[in-house]
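What follows is a short report on a single structure.
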Amino acid sequence: MHGNRLRIALVLLASLAGGAAFAEDGVTDSAIVFGQVAALTGPAQDLGRGMRQGILAAFAEANRSGGISGRTLELKSRDDGYEPEKTVEATKASLGEDKVFALIGAVGTPTSKAGQPIAAEAKVPFIGPFTGAEFLRNPYNRYVVNVRASYFQETEAWIDRLTKDLGISRIAILYQDDAFGLAGLDGVQRAMDKRNMQLVASGTFRRNTVAVKTALLEIMKAKPQAVVTVAPYKPVAEFVKLAHDQQLNALFVAISFVSSDSLAKELGREGAGVIVSQVVPSPWDTALPVVAAYQRALVAADPSAKPGFVSLEGYLVGRLAVEALKRIEGAPTREALLDAIGEAPFDMGGITLTYGPARNQGSDRVFFTILQADGTFQPVTRLLKMAGH
């Protein structure tokens, strides 16, 4: 009798010991589950959907090769509509109900500001948010893993190119009146202060609206040579169209968060000449091995999908998670994932992501593109004077 009890006890202990390897939320013997909280509906939905599309392409690519030691990668997405209050609910549900291994591919500054602290408190990695906000970079936070360059780096590049390449001195700004817009405004002001310059005008609008007319009228009074914009695609498109109607003769510059492909659709031929800074290379430049791999993965996951800047960023974020997981020996844990990310660079084939003990941002690169009348984007290394400017 005692022998039977002992055998049962040993079996139970053995099963518990075996199960301990998979004690981390989101990890089983057959899958690793990631969670995404992002805008899948509303005015910013193209951003959330683009990030999801790219991450899924990277995960499917890995799964076709056997996944991570036989475990398939899964993504469970929840919609926050680009509203911070919904982000809080969705993040708690992702961690509490979905029990995900890590959060990946969040979209937006105000939404990340709402969701990231919840993840940090639970010691859950917050990987590849689609925002360049400084609070995710400084002070350093081990549980935040950024892929893209910061908004400070993008806005510094704007002012550098506008002043050096075009000799522009009269610069105005349109920004969304929230944490995102203020992060961009702060970056622009820093870049201007560095050059002993001041903005000639500023205009704001409310998140998830296109109410930009008042801002335009305020900006027009200052007769700017260039208007830099920190906003999603719909309000930027509305602003540019209204500015053309009012015959404002200025260059328009948009930040990477704008969603270039969506902006091009919204503007049509009126988009010709709009400058957009990017934090990933051209999604059509297949001379770069990482872009060629992205295009193959995108079509394999969704034959109807078309390349774009947002889904390329999502793919890079997904690839980072995949490559880091491959470096872990044994069952993945959150801490092991973060250790793997910090230990050595990730050469993606034309883009290298480098992390370290006090560095949680992989890339510092900023690229420039100019929107053409046919809706395509021309990559440029310098800004050239255009007729009428």
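Following the order of the structure tokens, first chain is A, next is B, and so on, with residues numbered from 1 inside each chain and ligands from 1 in the order they appear.
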
Would you please extract all helix (DSSP H, G or I) residues from region 81-219 of chain A, as assigned by DSSP on the backbone, and give them as a VMD selection string? chain A and resid 84 to 96 109 to 121 134 to 136 151 to 166 179 to 194 213 to 219

I'd like the neighbourhood of region 347-360 of chain A as a PDB file with N, CA and C atoms, in the first residue's frame, where a residue qualifies if any of its atoms comes within 8 Å (using only C-alpha atoms), though same-chain residues fewer than 3 positions away should be ignored.
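Final output, saved to selection37.pdb:
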```pdb
ATOM      1  N   ARG A 137      11.911  54.645 -24.289  1.00  0.00           N
ATOM      2  CA  ARG A 137      13.350  54.511 -24.489  1.00  0.00           C
ATOM      3  C   ARG A 137      14.170  55.067 -23.323  1.00  0.00           C
ATOM      4  N   TYR A 140      15.764  53.789 -19.497  1.00  0.00           N
ATOM      5  CA  TYR A 140      15.821  52.424 -20.006  1.00  0.00           C
ATOM      6  C   TYR A 140      14.881  51.506 -19.227  1.00  0.00           C
ATOM      7  N   ASN A 141      14.164  50.662 -19.947  1.00  0.00           N
ATOM      8  CA  ASN A 141      13.256  49.689 -19.331  1.00  0.00           C
ATOM      9  C   ASN A 141      13.507  48.332 -19.985  1.00  0.00           C
ATOM     10  N   ARG A 142      13.956  47.384 -19.208  1.00  0.00           N
ATOM     11  CA  ARG A 142      14.294  46.048 -19.729  1.00  0.00           C
ATOM     12  C   ARG A 142      13.112  45.390 -20.423  1.00  0.00           C
ATOM     13  N   VAL A 144      10.749  46.694 -22.228  1.00  0.00           N
ATOM     14  CA  VAL A 144      10.348  47.314 -23.492  1.00  0.00           C
ATOM     15  C   VAL A 144      11.427  47.043 -24.528  1.00  0.00           C
ATOM     16  N   VAL A 145      11.014  46.520 -25.685  1.00  0.00           N
ATOM     17  CA  VAL A 145      11.955  46.246 -26.777  1.00  0.00           C
ATOM     18  C   VAL A 145      11.494  47.016 -28.002  1.00  0.00           C
ATOM     19  N   ASN A 146      12.171  48.117 -28.299  1.00  0.00           N
ATOM     20  CA  ASN A 146      11.845  48.925 -29.486  1.00  0.00           C
ATOM     21  C   ASN A 146      12.642  48.425 -30.681  1.00  0.00           C
ATOM     22  N   VAL A 147      12.052  48.488 -31.847  1.00  0.00           N
ATOM     23  CA  VAL A 147      12.759  48.163 -33.087  1.00  0.00           C
ATOM     24  C   VAL A 147      13.132  49.448 -33.822  1.00  0.00           C
ATOM     25  N   LEU A 288      17.661  44.386 -51.069  1.00  0.00           N
ATOM     26  CA  LEU A 288      17.966  44.097 -49.667  1.00  0.00           C
ATOM     27  C   LEU A 288      17.406  42.722 -49.327  1.00  0.00           C
ATOM     28  N   PRO A 289      18.238  41.798 -48.849  1.00  0.00           N
ATOM     29  CA  PRO A 289      17.762  40.441 -48.550  1.00  0.00           C
ATOM     30  C   PRO A 289      16.554  40.416 -47.611  1.00  0.00           C
ATOM     31  N   VAL A 290      16.521  41.310 -46.624  1.00  0.00           N
ATOM     32  CA  VAL A 290      15.403  41.293 -45.667  1.00  0.00           C
ATOM     33  C   VAL A 290      14.090  41.684 -46.343  1.00  0.00           C
ATOM     34  N   ILE A 341      17.742  38.856 -26.585  1.00  0.00           N
ATOM     35  CA  ILE A 341      17.675  40.079 -27.386  1.00  0.00           C
ATOM     36  C   ILE A 341      18.857  40.996 -27.072  1.00  0.00           C
ATOM     37  N   GLY A 342      19.260  41.042 -25.817  1.00  0.00           N
ATOM     38  CA  GLY A 342      20.324  41.961 -25.416  1.00  0.00           C
ATOM     39  C   GLY A 342      21.738  41.478 -25.682  1.00  0.00           C
ATOM     40  N   GLU A 343      21.897  40.204 -26.031  1.00  0.00           N
ATOM     41  CA  GLU A 343      23.245  39.640 -26.061  1.00  0.00           C
ATOM     42  C   GLU A 343      24.040  39.876 -27.333  1.00  0.00           C
ATOM     43  N   ALA A 344      23.425  39.823 -28.502  1.00  0.00           N
ATOM     44  CA  ALA A 344      24.187  39.968 -29.751  1.00  0.00           C
ATOM     45  C   ALA A 344      23.303  40.590 -30.823  1.00  0.00           C
ATOM     46  N   SER A 363      17.239  49.891 -33.913  1.00  0.00           N
ATOM     47  CA  SER A 363      17.687  50.639 -35.088  1.00  0.00           C
ATOM     48  C   SER A 363      17.620  52.143 -34.843  1.00  0.00           C
TER      49      SER A 363
END
```

Give the answer as one residue: which of A:Ile328, A:Ala114, A:Ala301, A:Ile370 has the shortest atom-to-atom distance to Leu56 (chain A), using only C-alpha atoms? A:Ala301

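The residue set within 12 Å of region 164-168 of chain A, counting only C-alpha atoms and dropping same-chain residues fewer than 4 places from it, reads A:Glu156, A:Ala157, A:Trp158, A:Ile159, A:Asp160, A:Ala172, A:Met192, A:Arg195, A:Met197, A:Leu199, A:Val200, A:Pro224, A:Gln225, A:Ala226, A:Val227, A:Ala250, A:Leu251, A:Val380, A:Thr381, A:Arg382, A:Leu383, A:Leu384, A:Lys385, A:Met386, A:His389.
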
Taking only C-alpha atoms into account, which of A:Phe205, A:Tyr233, A:Tyr294, A:Tyr175 comes nearest Gln45 (chain A)?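 The shortest atom-to-atom distance to Gln45 (chain A) comes from A:Tyr233.
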
Nearest to Ile255 (chain A), chosen from A:Ala120, A:Ala300, A:Val317, A:Ala183, with only C-alpha atoms counted in the distances: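 Comparing A:Ala120, A:Ala300, A:Val317, A:Ala183 against Ile255 (chain A), the winner is A:Ala183.
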
What lies within 10 Å of region 107-110 of chain A using only C-alpha atoms, ignoring chain neighbours under 2 positions off, as a ChimeraX atom specification? /A:36-40,44-45,47-49,51,80-85,87,104-105,112-115,128-136,178-183,207,232,257

Within 10 Å of Phe101 (chain A), counting only C-alpha atoms, which residues qualify if same-chain residues fewer than 4 places away don't, as a list of chain:residue names?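 Result of the neighbour search: A:Glu24, A:Asp25, A:Gly26, A:Val27, A:Ile32, A:Val33, A:Phe34, A:Gly35, A:Ser94, A:Leu95, A:Val124, A:Pro125, A:Pro332, A:Thr333, A:Arg334.
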
Serialized selection, C-alpha atoms, as a tab-separated table (two decimals), in the first residue's frame:
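Written output follows (result-v1.tsv):
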```
chain	number	residue	atom	x	y	z
A	24	GLU	CA	5.43	30.45	-18.27
A	25	ASP	CA	2.14	31.87	-19.57
A	26	GLY	CA	1.74	31.47	-23.31
A	27	VAL	CA	4.17	28.54	-23.64
A	32	ILE	CA	4.13	30.02	-28.06
A	33	VAL	CA	1.32	32.58	-27.95
A	34	PHE	CA	1.93	36.31	-28.38
A	35	GLY	CA	-0.65	39.03	-27.83
A	94	SER	CA	-4.62	39.73	-23.16
A	95	LEU	CA	-2.55	38.99	-20.06
A	124	VAL	CA	5.78	40.78	-19.66
A	125	PRO	CA	7.95	41.88	-22.63
A	332	PRO	CA	11.35	29.71	-23.62
A	333	THR	CA	10.90	32.04	-20.68
A	334	ARG	CA	10.28	35.78	-20.76
```

Taking the chain letters and numbering used in this document, name the residues of region 141-238 of chain A that DSSP puts in strand (DSSP E), as a ChimeraX atom specification. /A:144-145,171-176,201-205,226-230

With distances taken over only C-alpha atoms, which residue among A:Pro307, A:Gly273, A:Pro139, A:Gly330 lies nearest Asn249 (chain A)?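 Of A:Pro307, A:Gly273, A:Pro139, A:Gly330, the one nearest Asn249 (chain A), counting only C-alpha atoms, is A:Gly273.
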
Here is a test: counting only C-alpha atoms, which residue of A:Ser30, A:Ser262, A:Gln361, A:Thr229 is nearest to Ala215 (chain A)? A:Thr229

Do a neighbour search on Arg319 (chain A) at 10 Å with only C-alpha atoms, toss out local chain neighbours closer than 4 positions, and write the hits as an mmCIF file with N, CA and C atoms, in the first residue's frame.
```cif
data_model
loop_
_atom_site.group_PDB
_atom_site.id
_atom_site.type_symbol
_atom_site.label_atom_id
_atom_site.label_comp_id
_atom_site.auth_asym_id
_atom_site.auth_seq_id
_atom_site.Cartn_x
_atom_site.Cartn_y
_atom_site.Cartn_z
ATOM 1 N N GLY A 54 2.237 41.943 -40.948
ATOM 2 C CA GLY A 54 3.676 41.699 -40.999
ATOM 3 C C GLY A 54 4.145 40.693 -39.965
ATOM 4 N N ILE A 55 3.624 40.798 -38.741
ATOM 5 C CA ILE A 55 3.994 39.854 -37.679
ATOM 6 C C ILE A 55 3.546 38.446 -38.056
ATOM 7 N N LEU A 56 2.308 38.324 -38.548
ATOM 8 C CA LEU A 56 1.793 37.011 -38.952
ATOM 9 C C LEU A 56 2.634 36.405 -40.078
ATOM 10 N N ALA A 57 3.116 37.253 -41.001
ATOM 11 C CA ALA A 57 3.966 36.760 -42.097
ATOM 12 C C ALA A 57 5.263 36.181 -41.541
ATOM 13 N N ALA A 58 5.856 36.872 -40.568
ATOM 14 C CA ALA A 58 7.099 36.395 -39.957
ATOM 15 C C ALA A 58 6.868 35.106 -39.167
ATOM 16 N N PHE A 59 5.740 35.036 -38.442
ATOM 17 C CA PHE A 59 5.422 33.843 -37.659
ATOM 18 C C PHE A 59 5.146 32.647 -38.575
ATOM 19 N N GLU A 61 6.233 32.191 -41.570
ATOM 20 C CA GLU A 61 7.520 31.823 -42.183
ATOM 21 C C GLU A 61 8.280 30.876 -41.248
ATOM 22 N N ALA A 62 8.322 31.232 -39.955
ATOM 23 C CA ALA A 62 9.007 30.384 -38.970
ATOM 24 C C ALA A 62 8.290 29.051 -38.789
ATOM 25 N N VAL A 290 16.521 41.310 -46.624
ATOM 26 C CA VAL A 290 15.403 41.293 -45.667
ATOM 27 C C VAL A 290 14.090 41.684 -46.343
ATOM 28 N N TYR A 294 10.853 39.387 -46.757
ATOM 29 C CA TYR A 294 9.556 39.931 -46.322
ATOM 30 C C TYR A 294 8.500 39.756 -47.402
ATOM 31 N N GLU A 313 7.514 46.873 -41.209
ATOM 32 C CA GLU A 313 7.920 47.071 -39.820
ATOM 33 C C GLU A 313 7.389 45.932 -38.946
ATOM 34 N N GLY A 314 6.146 45.521 -39.183
ATOM 35 C CA GLY A 314 5.585 44.392 -38.444
ATOM 36 C C GLY A 314 6.392 43.124 -38.664
ATOM 37 N N TYR A 315 6.827 42.914 -39.908
ATOM 38 C CA TYR A 315 7.638 41.731 -40.230
ATOM 39 C C TYR A 315 8.962 41.763 -39.466
ATOM 40 N N GLU A 323 13.898 35.262 -34.146
ATOM 41 C CA GLU A 323 15.348 35.041 -34.058
ATOM 42 C C GLU A 323 15.804 34.971 -32.606
ATOM 43 N N ALA A 324 15.199 35.784 -31.730
ATOM 44 C CA ALA A 324 15.566 35.748 -30.308
ATOM 45 C C ALA A 324 15.150 34.420 -29.684
ATOM 46 N N LEU A 325 13.960 33.934 -30.014
ATOM 47 C CA LEU A 325 13.493 32.647 -29.478
ATOM 48 C C LEU A 325 14.399 31.498 -29.915
ATOM 49 N N PHE A 346 21.273 41.394 -34.305
ATOM 50 C CA PHE A 346 20.447 40.572 -35.199
ATOM 51 C C PHE A 346 20.611 41.115 -36.616
ATOM 52 N N MET A 348 19.478 41.129 -40.085
ATOM 53 C CA MET A 348 18.287 40.700 -40.813
ATOM 54 C C MET A 348 18.520 40.640 -42.325
#
```
